[in-house]
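Notes for the one structure printed next.
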Amino acid sequence: SPGPPPHLRAAVPGQDAAVPVRPARRLKDKLVGASALGALFATFAALVRLSGAGLWRYYLAGGACACLSHALTTPIDVIKTRQQVSASRVGARATARLILAAEGPRGLLAGLGPTATGYLFEGALKFGAYESLKRPVHALLACAPLPLPAPTLLGLLVSGTLSGAAAGLVLCPMEALRIRLVAEPSYAQYGWCDGGLRMLEEEGPGAMVRGMTAMLSKQVPYTVTKQVAFDYLAHALRSVARSRLGAAAAARCHLATVFLAALLTSVLSCLASQPGDMLLSAVSAHRGTK
């Protein structure tokens, strides 16, 4: 029998028993992680090149903004995930107090590494692919043999669905790791990268994508609602501003209308993705085959 994993073995006699021995991860698992990361970078390079001139801006801005926004809200995400996976259903304030009492302020930053990394790529695909797909999807729908109802809306829905599915495929491994780190605070004692290697070693690559169905049930409605609702709300608010205030005043209020459209869109997209988010947390929180 190979015995328990290295991180669970007893400490060497004479050493402090409270200090765990850092496990040596298998070369195979490190190669799997490095290969996946290399393939991801190569895929993004190909997508940006194929998307057309100037569209790289959406990949860059989308990735940077998603990475920053999700990293800044990590404490809220930790509280939400702990509420979802905890057997005792308590409110957000009580959950925050429990985390602070047991783990200190650092407990509210659990999963920051996989969150920032995952949403860097997720945001790049979510926004970059959506903007890149709009024109070819509309052109394809225009070739339909029968007239389509609301072809503009249909084109945006298709573009949002495809970009949301692609973003979900990229995000799933990092979300699986993030949820595990939040649900089991002692899981990765040597950093989140070591935690990812531990998941690969103990559970295999399948653990990283076990929640793919739940991820898509979260990510696709989230992306479709976010992208399509923002396009329509921003256009509607700009039209109202021009009709009520005039073209010159509406131009000065452009930033305010965009901000309001984004605010409303964020609420709608959170509501659309919440059921899938709950399923994803339940599937990924602990080791198993849920």
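Residues in the structure tokens are named by chain (A, B, ... in the order shown) and by number from 1 within that chain; ligands are numbered from 1 in the order shown.
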*Write out as a PyMOL selection string which residues come within 12 Å of Cys193 (chain A) when counting only C-alpha atoms, dropping same-chain ones fewer than 6 positions away.*
chain A and resi 25+29-30+33-34+111-114+117+174+177-178+181+187+199-200
*Do you know which residues are at most 12 Å from Ala87 (chain A) counting only C-alpha atoms, after dropping those on the same chain fewer than 4 positions away, and could you put them as a list in words?*
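Here the qualifying residues turn out to be Thr81, Arg82, Gln83, Thr95, Ala183 and Ala282 of chain A.
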*DSSP helix (DSSP H, G or I) residues within region 77-225 of chain A, as a ChimeraX atom specification*: /A:77-85,92-103,105-109,112-142,151-183,192-203,206-209,212-225
*Can you list, as JSON, numbers by chain, every protein, DNA or RNA residue that comes within 12 Å of Arg135 (chain A) when you count only C-alpha atoms, leaving out same-chain residues fewer than 3 positions away?*
{"A": [51, 52, 55, 129, 130, 131, 132, 138, 139, 140, 141, 142, 152, 155, 156, 158, 159]}
*CA of Tyr232 (chain A) to CA of Cys253 (chain A), straight-line distance in Å*: 17.3 Å
Give one line per residue of region 130-203 of chain A that approaches region 216-228 of chain A to at most 12 Å, naming the two atoms of the closest pair and their distance in Å to one decimal, counting only C-alpha atoms; sort by chain then ascending residue number and deliver it as a tab-separated table.
```
residue	atom	partner	partner_atom	distance
A:Tyr130	CA	A:Gln227	CA	7.9
A:Glu131	CA	A:Gln227	CA	9.5
A:Lys134	CA	A:Val228	CA	11.1
A:Thr152	CA	A:Val228	CA	10.4
A:Leu153	CA	A:Val228	CA	7.9
A:Leu154	CA	A:Val228	CA	9.9
A:Gly155	CA	A:Val228	CA	9.8
A:Leu156	CA	A:Val228	CA	6.1
A:Leu157	CA	A:Val224	CA	6.2
A:Val158	CA	A:Val224	CA	8.4
A:Ser159	CA	A:Val224	CA	8.1
A:Gly160	CA	A:Val224	CA	4.5
A:Thr161	CA	A:Val220	CA	5.6
A:Leu162	CA	A:Val220	CA	8.0
A:Ser163	CA	A:Thr223	CA	7.5
A:Gly164	CA	A:Val220	CA	4.6
A:Ala165	CA	A:Val220	CA	5.7
A:Ala166	CA	A:Val220	CA	9.0
A:Ala167	CA	A:Gln219	CA	7.5
A:Gly168	CA	A:Gln219	CA	5.6
A:Leu169	CA	A:Leu216	CA	7.8
A:Val170	CA	A:Leu216	CA	10.8
A:Leu171	CA	A:Gln219	CA	9.2
A:Cys172	CA	A:Leu216	CA	8.8
A:Glu175	CA	A:Gln219	CA	11.4
```
*Could you work out how far CA of Ala39 (chain A) lies from CA of Ala53 (chain A), giving the answer in Å with one decimal?*
23.0 Å
*asked:* As an exercise, work out the distance from CA of Tyr190 (chain A) to CA of Glu202 (chain A) in Å and give it to one decimal place.
replied: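 The value is 16.0 Å.
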*asked:* Which residues are close to Arg287 (chain A), i.e. within 10 Å by only C-alpha atoms, leaving aside same-chain residues fewer than 2 positions away? Reply as a ChimeraX atom specification.
replied: /A:180,199,202-203,207,283-285,289-290
*Residue with smallest distance to Glu184 (chain A) - pool A:Met278, A:Ala124, A:Cys65, A:Val78, counting only C-alpha atoms*: A:Val78
*Would you kindly return, as a list in words, each protein, DNA or RNA residue with an atom no farther than 10 Å from any atom of Ala92 (chain A), considering only C-alpha atoms and excluding same-chain residues fewer than 4 positions away?*
Ile76, Ile79, Lys80, Arg82, Gln83, Ala96, Arg97 and Leu98 of chain A
*Quick one: everything within 12 Å of Thr115 (chain A), counting only C-alpha atoms, minus sequence neighbours fewer than 5 positions away in the same chain. Send it as a VMD selection string.*
chain A and resid 66 to 75 77 to 78 109 to 110 120 to 123 171 to 182 192
Kindly export the residues of the current selection with N, CA and C atoms, as a PDB file, in the first residue's frame.
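So the final result, stored in result_35.pdb, reads:
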```
ATOM      1  N   ALA A  66     -11.999  42.070 -15.851  1.00  0.00           N
ATOM      2  CA  ALA A  66     -12.575  40.939 -15.124  1.00  0.00           C
ATOM      3  C   ALA A  66     -11.649  40.474 -14.015  1.00  0.00           C
ATOM      4  N   CYS A  67     -10.356  40.430 -14.297  1.00  0.00           N
ATOM      5  CA  CYS A  67      -9.376  40.034 -13.289  1.00  0.00           C
ATOM      6  C   CYS A  67      -9.417  40.988 -12.101  1.00  0.00           C
ATOM      7  N   LEU A  68      -9.402  42.291 -12.367  1.00  0.00           N
ATOM      8  CA  LEU A  68      -9.378  43.281 -11.293  1.00  0.00           C
ATOM      9  C   LEU A  68     -10.678  43.289 -10.502  1.00  0.00           C
ATOM     10  N   SER A  69     -11.810  43.271 -11.198  1.00  0.00           N
ATOM     11  CA  SER A  69     -13.100  43.362 -10.502  1.00  0.00           C
ATOM     12  C   SER A  69     -13.357  42.139  -9.633  1.00  0.00           C
ATOM     13  N   HIS A  70     -13.037  40.957 -10.122  1.00  0.00           N
ATOM     14  CA  HIS A  70     -13.269  39.747  -9.326  1.00  0.00           C
ATOM     15  C   HIS A  70     -12.250  39.617  -8.199  1.00  0.00           C
ATOM     16  N   ALA A  71     -11.027  40.086  -8.417  1.00  0.00           N
ATOM     17  CA  ALA A  71     -10.029  40.049  -7.343  1.00  0.00           C
ATOM     18  C   ALA A  71     -10.426  40.982  -6.206  1.00  0.00           C
ATOM     19  N   LEU A  72     -10.934  42.177  -6.544  1.00  0.00           N
ATOM     20  CA  LEU A  72     -11.332  43.129  -5.512  1.00  0.00           C
ATOM     21  C   LEU A  72     -12.520  42.642  -4.691  1.00  0.00           C
ATOM     22  N   THR A  73     -13.378  41.832  -5.296  1.00  0.00           N
ATOM     23  CA  THR A  73     -14.563  41.342  -4.585  1.00  0.00           C
ATOM     24  C   THR A  73     -14.366  39.944  -4.014  1.00  0.00           C
ATOM     25  N   THR A  74     -13.115  39.499  -3.908  1.00  0.00           N
ATOM     26  CA  THR A  74     -12.843  38.173  -3.352  1.00  0.00           C
ATOM     27  C   THR A  74     -13.457  37.975  -1.971  1.00  0.00           C
ATOM     28  N   PRO A  75     -13.356  38.936  -1.031  1.00  0.00           N
ATOM     29  CA  PRO A  75     -13.992  38.702   0.281  1.00  0.00           C
ATOM     30  C   PRO A  75     -15.486  38.417   0.192  1.00  0.00           C
ATOM     31  N   ASP A  77     -16.998  37.090  -2.378  1.00  0.00           N
ATOM     32  CA  ASP A  77     -17.113  35.766  -2.985  1.00  0.00           C
ATOM     33  C   ASP A  77     -16.839  34.666  -1.968  1.00  0.00           C
ATOM     34  N   VAL A  78     -15.885  34.897  -1.069  1.00  0.00           N
ATOM     35  CA  VAL A  78     -15.579  33.911  -0.025  1.00  0.00           C
ATOM     36  C   VAL A  78     -16.782  33.722   0.889  1.00  0.00           C
ATOM     37  N   LEU A 109      -9.547  36.253   1.962  1.00  0.00           N
ATOM     38  CA  LEU A 109      -8.840  36.303   0.677  1.00  0.00           C
ATOM     39  C   LEU A 109      -8.568  34.911   0.123  1.00  0.00           C
ATOM     40  N   ALA A 110      -9.222  33.900   0.689  1.00  0.00           N
ATOM     41  CA  ALA A 110      -9.027  32.527   0.209  1.00  0.00           C
ATOM     42  C   ALA A 110      -9.416  32.429  -1.266  1.00  0.00           C
ATOM     43  N   LEU A 120      -8.965  36.363 -15.454  1.00  0.00           N
ATOM     44  CA  LEU A 120      -8.157  37.024 -16.475  1.00  0.00           C
ATOM     45  C   LEU A 120      -8.445  36.420 -17.846  1.00  0.00           C
ATOM     46  N   PHE A 121      -8.460  35.099 -17.923  1.00  0.00           N
ATOM     47  CA  PHE A 121      -8.734  34.418 -19.190  1.00  0.00           C
ATOM     48  C   PHE A 121     -10.232  34.415 -19.504  1.00  0.00           C
ATOM     49  N   GLU A 122     -11.054  34.257 -18.476  1.00  0.00           N
ATOM     50  CA  GLU A 122     -12.499  34.252 -18.694  1.00  0.00           C
ATOM     51  C   GLU A 122     -12.979  35.576 -19.271  1.00  0.00           C
ATOM     52  N   GLY A 123     -12.496  36.681 -18.685  1.00  0.00           N
ATOM     53  CA  GLY A 123     -12.915  37.991 -19.166  1.00  0.00           C
ATOM     54  C   GLY A 123     -12.431  38.274 -20.581  1.00  0.00           C
ATOM     55  N   LEU A 171     -12.651  28.778 -17.512  1.00  0.00           N
ATOM     56  CA  LEU A 171     -12.731  29.135 -16.102  1.00  0.00           C
ATOM     57  C   LEU A 171     -12.913  27.939 -15.176  1.00  0.00           C
ATOM     58  N   CYS A 172     -13.497  26.864 -15.660  1.00  0.00           N
ATOM     59  CA  CYS A 172     -13.908  25.757 -14.800  1.00  0.00           C
ATOM     60  C   CYS A 172     -12.796  25.226 -13.891  1.00  0.00           C
ATOM     61  N   PRO A 173     -11.584  24.924 -14.388  1.00  0.00           N
ATOM     62  CA  PRO A 173     -10.542  24.403 -13.486  1.00  0.00           C
ATOM     63  C   PRO A 173     -10.183  25.355 -12.353  1.00  0.00           C
ATOM     64  N   MET A 174     -10.070  26.645 -12.651  1.00  0.00           N
ATOM     65  CA  MET A 174      -9.724  27.611 -11.610  1.00  0.00           C
ATOM     66  C   MET A 174     -10.860  27.801 -10.608  1.00  0.00           C
ATOM     67  N   GLU A 175     -12.099  27.728 -11.076  1.00  0.00           N
ATOM     68  CA  GLU A 175     -13.224  27.834 -10.158  1.00  0.00           C
ATOM     69  C   GLU A 175     -13.308  26.600  -9.256  1.00  0.00           C
ATOM     70  N   ALA A 176     -13.014  25.415  -9.808  1.00  0.00           N
ATOM     71  CA  ALA A 176     -13.001  24.215  -8.979  1.00  0.00           C
ATOM     72  C   ALA A 176     -11.980  24.340  -7.859  1.00  0.00           C
ATOM     73  N   LEU A 177     -10.804  24.854  -8.194  1.00  0.00           N
ATOM     74  CA  LEU A 177      -9.758  25.039  -7.187  1.00  0.00           C
ATOM     75  C   LEU A 177     -10.142  26.125  -6.196  1.00  0.00           C
ATOM     76  N   ARG A 178     -10.688  27.223  -6.677  1.00  0.00           N
ATOM     77  CA  ARG A 178     -11.079  28.315  -5.773  1.00  0.00           C
ATOM     78  C   ARG A 178     -12.105  27.843  -4.755  1.00  0.00           C
ATOM     79  N   ILE A 179     -13.120  27.139  -5.219  1.00  0.00           N
ATOM     80  CA  ILE A 179     -14.170  26.676  -4.321  1.00  0.00           C
ATOM     81  C   ILE A 179     -13.608  25.702  -3.290  1.00  0.00           C
ATOM     82  N   ARG A 180     -12.695  24.833  -3.709  1.00  0.00           N
ATOM     83  CA  ARG A 180     -12.082  23.895  -2.766  1.00  0.00           C
ATOM     84  C   ARG A 180     -11.277  24.635  -1.700  1.00  0.00           C
ATOM     85  N   LEU A 181     -10.548  25.679  -2.096  1.00  0.00           N
ATOM     86  CA  LEU A 181      -9.750  26.443  -1.140  1.00  0.00           C
ATOM     87  C   LEU A 181     -10.638  27.173  -0.139  1.00  0.00           C
ATOM     88  N   VAL A 182     -11.802  27.634  -0.580  1.00  0.00           N
ATOM     89  CA  VAL A 182     -12.718  28.337   0.321  1.00  0.00           C
ATOM     90  C   VAL A 182     -13.439  27.345   1.230  1.00  0.00           C
ATOM     91  N   TRP A 192      -1.770  28.318  -3.570  1.00  0.00           N
ATOM     92  CA  TRP A 192      -2.832  27.774  -4.411  1.00  0.00           C
ATOM     93  C   TRP A 192      -2.299  26.920  -5.556  1.00  0.00           C
TER      94      TRP A 192
END
```
*Would you mind telling me which residue in A:Ala250, A:Leu108, A:Leu27, A:Met215 lies nearest to Arg198 (chain A) when using only C-alpha atoms?*
A:Leu27
